[in-house]
Amino acid sequence: MLAWHYAAVLSAPGKMTHLSRNLIQGVVGEFGSVEGDAAVLPVFSTRRRVRVDENAVWKTGLGSTHHLPAVVLETVAGGVHRNPQILHKKKHLAFYSRHISHRGGAGEKIENTIEAFTHAVETGTEMLEMDCHLSQDGYVVVSHDKNLGRQTGFNIPISSLRFQDLPLYKEKLEVTFYTGHYSTGQDRKFALLEDVFKKFPQMPVNIEVKEYNDDLIEKVSSLVKKYKRESITVWATEDSDIMTKCRKQCPSMPYSFTMTRGILLLVLFYTGLLPFVSLGESLLQFYLPSVINRTYIPEESYLKNRFVVWLIERLTMRKSLFDHLVKRGLQVQLFVCNEERDMDAAFSVGATGVMSDYPTVLSDYLQKHPIPPTL
């Protein structure tokens, strides 16, 4: 089974009988066709088409050989990849978000403030993205960083201060994913998650939890339940252990892939097993690699290596993978796209949604490039 992706076929044209033609046509079904003396089958993993007759030998990269049954398996795999509803019930989320405002639109207003969220909603966003941390007195504070240094100039963790004692954001704040660009705004106060829920009761919200903190996760979950927004609030985190805790607290909330699960997703895709594996996640959220070292300068030294970034792009930006996930009802959101060429690149590779620090720019782009929902 794992060898399907390394398969090659040797055929002997001119020897297909009427009986074998009918047999192979039955095997091929809707996924291929019989042309002349050979059946033409799509091999989804290698994006090649192969010709098979009744004397064909299916050779795998592991050295074993099979006859027609292996062809059947490969054909079924290709068919399920393109038609996953054969095995999987399609997911139906309560929202469909093409326009996602990263940190509330950190390029047009001070990030994660009520002013930023209000501006994003007014410009037509379909989801707000944010991170949360706990203050000393137990309030769920909307903030990307747990330390206030970058945002306020005070090198103190949020957890060491009461909410009312949190300093204001800087008057001018650099946009993390658009180096050299700054945002300003009248509102420089940190927001509470509860205030966001009160002000935007129908707006989908993506909450990234970065801390392995039971109290934080429990309080976020309680607020989601209090305002009855389980179906439109998304759990997000890179850490699988944190995600386990989040899902335990509120299992009815949709959730995105963690880093470990994302790597597993790629392994399943490249081994050909993805069509046969159930997925609990409802969203795939990932960098658009082409922004790295251009609009976004990463802190991680390995991401400064151009070859590493090129390899990540080659491995992850696979339209056939994204198309398969979309057919299963998942949403694919790429970030952070702050220029039109990046929005173009994201949607071209199969993303259903884009995260941007510039909600006005993204709204203008979507008006010029209307994309019908694929659900």
# chains A, B, ... in the order shown; residues from 1 in each chain; ligands from 1
>>> residues_around(residues="stretch 93-103 of chain A", least_positions_apart="6", cutoff="8 Å", atoms="only C-alpha atoms", output="mmCIF file with N, CA, C and O atoms, in the first residue's frame")
data_model
loop_
_atom_site.group_PDB
_atom_site.id
_atom_site.type_symbol
_atom_site.label_atom_id
_atom_site.label_comp_id
_atom_site.auth_asym_id
_atom_site.auth_seq_id
_atom_site.Cartn_x
_atom_site.Cartn_y
_atom_site.Cartn_z
ATOM 1 N N GLU A 111 -2.754 46.667 16.332
ATOM 2 C CA GLU A 111 -3.196 45.260 16.356
ATOM 3 C C GLU A 111 -4.010 44.908 17.602
ATOM 4 O O GLU A 111 -3.738 45.382 18.709
ATOM 5 N N ASN A 112 -5.029 44.056 17.381
ATOM 6 C CA ASN A 112 -5.801 43.434 18.470
ATOM 7 C C ASN A 112 -6.540 44.426 19.377
ATOM 8 O O ASN A 112 -6.879 44.085 20.514
ATOM 9 N N ALA A 120 -11.981 46.307 10.800
ATOM 10 C CA ALA A 120 -11.955 45.117 9.939
ATOM 11 C C ALA A 120 -13.366 44.662 9.579
ATOM 12 O O ALA A 120 -13.652 44.325 8.417
ATOM 13 N N GLY A 124 -15.468 44.583 5.768
ATOM 14 C CA GLY A 124 -15.981 43.372 5.147
ATOM 15 C C GLY A 124 -15.280 42.077 5.512
ATOM 16 O O GLY A 124 -15.440 41.067 4.815
ATOM 17 N N THR A 125 -14.514 42.068 6.598
ATOM 18 C CA THR A 125 -13.857 40.815 6.974
ATOM 19 C C THR A 125 -14.890 39.741 7.328
ATOM 20 O O THR A 125 -16.022 40.047 7.718
ATOM 21 N N GLU A 126 -14.483 38.494 7.176
ATOM 22 C CA GLU A 126 -15.366 37.367 7.468
ATOM 23 C C GLU A 126 -14.853 36.521 8.623
ATOM 24 O O GLU A 126 -15.461 35.521 8.992
ATOM 25 N N MET A 127 -13.725 36.920 9.196
ATOM 26 C CA MET A 127 -13.187 36.248 10.384
ATOM 27 C C MET A 127 -12.139 37.150 11.027
ATOM 28 O O MET A 127 -11.360 37.805 10.328
ATOM 29 N N LEU A 128 -12.122 37.164 12.354
ATOM 30 C CA LEU A 128 -11.088 37.857 13.107
ATOM 31 C C LEU A 128 -10.124 36.830 13.688
ATOM 32 O O LEU A 128 -10.557 35.840 14.274
ATOM 33 N N GLU A 129 -8.827 37.083 13.515
ATOM 34 C CA GLU A 129 -7.813 36.177 14.053
ATOM 35 C C GLU A 129 -7.113 36.865 15.212
ATOM 36 O O GLU A 129 -6.788 38.054 15.134
ATOM 37 N N MET A 130 -6.895 36.119 16.311
ATOM 38 C CA MET A 130 -6.275 36.720 17.492
ATOM 39 C C MET A 130 -5.641 35.654 18.380
ATOM 40 O O MET A 130 -5.884 34.459 18.224
ATOM 41 N N ASP A 131 -4.828 36.120 19.330
ATOM 42 C CA ASP A 131 -4.203 35.269 20.345
ATOM 43 C C ASP A 131 -4.634 35.778 21.716
ATOM 44 O O ASP A 131 -5.000 36.948 21.862
ATOM 45 N N HIS A 144 -1.027 39.208 21.041
ATOM 46 C CA HIS A 144 -0.202 38.212 20.366
ATOM 47 C C HIS A 144 0.925 37.742 21.264
ATOM 48 O O HIS A 144 1.196 36.548 21.373
ATOM 49 N N PRO A 204 -17.227 35.130 13.053
ATOM 50 C CA PRO A 204 -16.306 34.026 13.346
ATOM 51 C C PRO A 204 -14.973 34.547 13.890
ATOM 52 O O PRO A 204 -14.466 35.574 13.420
ATOM 53 N N SER A 231 -19.939 27.160 17.385
ATOM 54 C CA SER A 231 -19.853 26.796 15.966
ATOM 55 C C SER A 231 -19.086 27.812 15.134
ATOM 56 O O SER A 231 -18.697 27.522 14.001
ATOM 57 N N ILE A 232 -18.852 29.017 15.683
ATOM 58 C CA ILE A 232 -18.163 30.054 14.890
ATOM 59 C C ILE A 232 -16.869 30.521 15.552
ATOM 60 O O ILE A 232 -16.327 31.570 15.207
ATOM 61 N N PRO A 254 -14.848 23.876 16.131
ATOM 62 C CA PRO A 254 -13.961 23.417 15.059
ATOM 63 C C PRO A 254 -12.517 23.760 15.406
ATOM 64 O O PRO A 254 -12.265 24.709 16.169
ATOM 65 N N SER A 282 -10.964 20.923 10.875
ATOM 66 C CA SER A 282 -11.843 21.598 9.921
ATOM 67 C C SER A 282 -11.135 22.686 9.138
ATOM 68 O O SER A 282 -11.669 23.177 8.146
ATOM 69 N N GLY A 329 -14.641 19.342 2.739
ATOM 70 C CA GLY A 329 -15.310 20.356 3.540
ATOM 71 C C GLY A 329 -14.398 21.174 4.430
ATOM 72 O O GLY A 329 -14.874 21.988 5.229
ATOM 73 N N GLN A 331 -11.493 24.098 5.245
ATOM 74 C CA GLN A 331 -11.100 25.385 4.704
ATOM 75 C C GLN A 331 -9.590 25.526 4.818
ATOM 76 O O GLN A 331 -9.000 25.147 5.841
ATOM 77 N N GLN A 333 -6.562 28.166 4.772
ATOM 78 C CA GLN A 333 -6.287 29.590 4.940
ATOM 79 C C GLN A 333 -4.782 29.819 4.995
ATOM 80 O O GLN A 333 -4.089 29.215 5.824
ATOM 81 N N VAL A 336 0.819 35.339 5.962
ATOM 82 C CA VAL A 336 0.009 36.547 6.042
ATOM 83 C C VAL A 336 0.242 37.290 4.736
ATOM 84 O O VAL A 336 1.393 37.623 4.419
ATOM 85 N N THR A 352 -8.797 28.636 0.287
ATOM 86 C CA THR A 352 -10.182 29.127 0.322
ATOM 87 C C THR A 352 -10.251 30.479 0.996
ATOM 88 O O THR A 352 -11.238 31.197 0.839
ATOM 89 N N GLY A 353 -9.216 30.816 1.773
ATOM 90 C CA GLY A 353 -9.207 32.084 2.474
ATOM 91 C C GLY A 353 -7.794 32.596 2.679
ATOM 92 O O GLY A 353 -6.828 31.836 2.607
ATOM 93 N N VAL A 354 -7.696 33.890 2.929
ATOM 94 C CA VAL A 354 -6.401 34.536 3.111
ATOM 95 C C VAL A 354 -6.446 35.380 4.378
ATOM 96 O O VAL A 354 -7.421 36.089 4.629
ATOM 97 N N MET A 355 -5.384 35.301 5.178
ATOM 98 C CA MET A 355 -5.224 36.194 6.328
ATOM 99 C C MET A 355 -4.359 37.371 5.901
ATOM 100 O O MET A 355 -3.321 37.185 5.257
ATOM 101 N N SER A 356 -4.793 38.571 6.273
ATOM 102 C CA SER A 356 -4.044 39.768 5.917
ATOM 103 C C SER A 356 -4.051 40.759 7.077
ATOM 104 O O SER A 356 -4.995 40.810 7.871
ATOM 105 N N ASP A 357 -2.982 41.564 7.154
ATOM 106 C CA ASP A 357 -2.933 42.673 8.099
ATOM 107 C C ASP A 357 -3.633 43.902 7.539
ATOM 108 O O ASP A 357 -3.779 44.905 8.239
ATOM 109 N N TYR A 358 -4.057 43.821 6.277
ATOM 110 C CA TYR A 358 -4.653 44.961 5.593
ATOM 111 C C TYR A 358 -6.041 44.584 5.078
ATOM 112 O O TYR A 358 -6.225 44.227 3.909
ATOM 113 N N PRO A 359 -7.056 44.664 5.935
ATOM 114 C CA PRO A 359 -8.403 44.258 5.534
ATOM 115 C C PRO A 359 -8.960 45.050 4.357
ATOM 116 O O PRO A 359 -9.700 44.501 3.531
ATOM 117 N N LEU A 362 -7.386 43.627 1.183
ATOM 118 C CA LEU A 362 -7.955 42.319 0.867
ATOM 119 C C LEU A 362 -9.385 42.452 0.352
ATOM 120 O O LEU A 362 -9.788 41.753 -0.590
ATOM 121 N N SER A 363 -10.171 43.355 0.934
ATOM 122 C CA SER A 363 -11.537 43.573 0.446
ATOM 123 C C SER A 363 -11.523 44.075 -0.994
ATOM 124 O O SER A 363 -12.308 43.617 -1.835
ATOM 125 N N PRO A 373 -17.726 30.560 -3.618
ATOM 126 C CA PRO A 373 -17.453 29.543 -2.597
ATOM 127 C C PRO A 373 -17.405 28.161 -3.207
ATOM 128 O O PRO A 373 -18.156 27.838 -4.123
#
>>> select_by_dssp(residues="stretch 178-359 of chain A", states="strand (DSSP E or B)", output="MDAnalysis selection string")
chainID A and resid 182:183 191:192 205:208 233:236 255:256 283:287 292 296 331:335 353:356
>>> residues_around(residues="A:Pro251", least_positions_apart="2", cutoff="12 Å", atoms="only C-alpha atoms", output="ChimeraX atom specification")
/A:221,224-225,230-231,233-235,243-249,253-255,280-281
>>> atom_distance(atom1="atom CA of A:Leu288", atom2="atom CA of A:Val80")
27.2 Å
>>> select_by_dssp(residues="stretch 280-343 of chain A", states="helix (DSSP H, G or I)", output="number ranges by chain")
A: 289-291, 301-304, 306-316, 319-327, 340-343
>>> atom_distance(atom1="atom CA of A:Gly104", atom2="atom CA of A:Lys368")
22.2 Å
>>> residues_around(residues="A:Thr184", least_positions_apart="5", cutoff="8 Å", atoms="only C-alpha atoms", output="list of chain:residue names")
A:Glu108, A:Lys109, A:Ile110, A:Glu171, A:Lys172, A:Leu173
>>> write_last_selection(atoms="N, CA and C atoms", output="compact mmCIF listing (two decimals), in the first residue's frame")
# COMPACT_ATOMS: atom_id res chain seq x y z
N GLU A 108 -3.52 48.38 9.51
CA GLU A 108 -4.36 49.57 9.33
C GLU A 108 -4.74 50.23 10.64
N LYS A 109 -4.73 49.48 11.71
CA LYS A 109 -4.95 50.01 13.06
C LYS A 109 -4.00 49.26 14.01
N ILE A 110 -3.85 49.76 15.24
CA ILE A 110 -3.02 49.06 16.21
C ILE A 110 -3.60 47.66 16.43
N GLU A 171 2.48 54.23 20.31
CA GLU A 171 1.74 55.08 19.37
C GLU A 171 1.92 54.60 17.94
N LYS A 172 3.05 54.02 17.67
CA LYS A 172 3.38 53.56 16.31
C LYS A 172 3.97 52.15 16.44
N LEU A 173 3.34 51.19 15.79
CA LEU A 173 3.75 49.79 15.98
C LEU A 173 4.09 49.15 14.63
>>> residues_around(residues="A:Leu315", least_positions_apart="5", cutoff="10 Å", atoms="only C-alpha atoms", output="PyMOL selection string")
chain A and resi 266+270+309-310
>>> write_last_selection(atoms="C-alpha atoms", output="tab-separated table (two decimals), in the first residue's frame")
chain	number	residue	atom	x	y	z
A	266	LEU	CA	1.90	15.73	4.36
A	270	TYR	CA	2.81	11.83	-0.22
A	309	VAL	CA	12.07	28.06	2.44
A	310	TRP	CA	12.11	26.80	-1.16
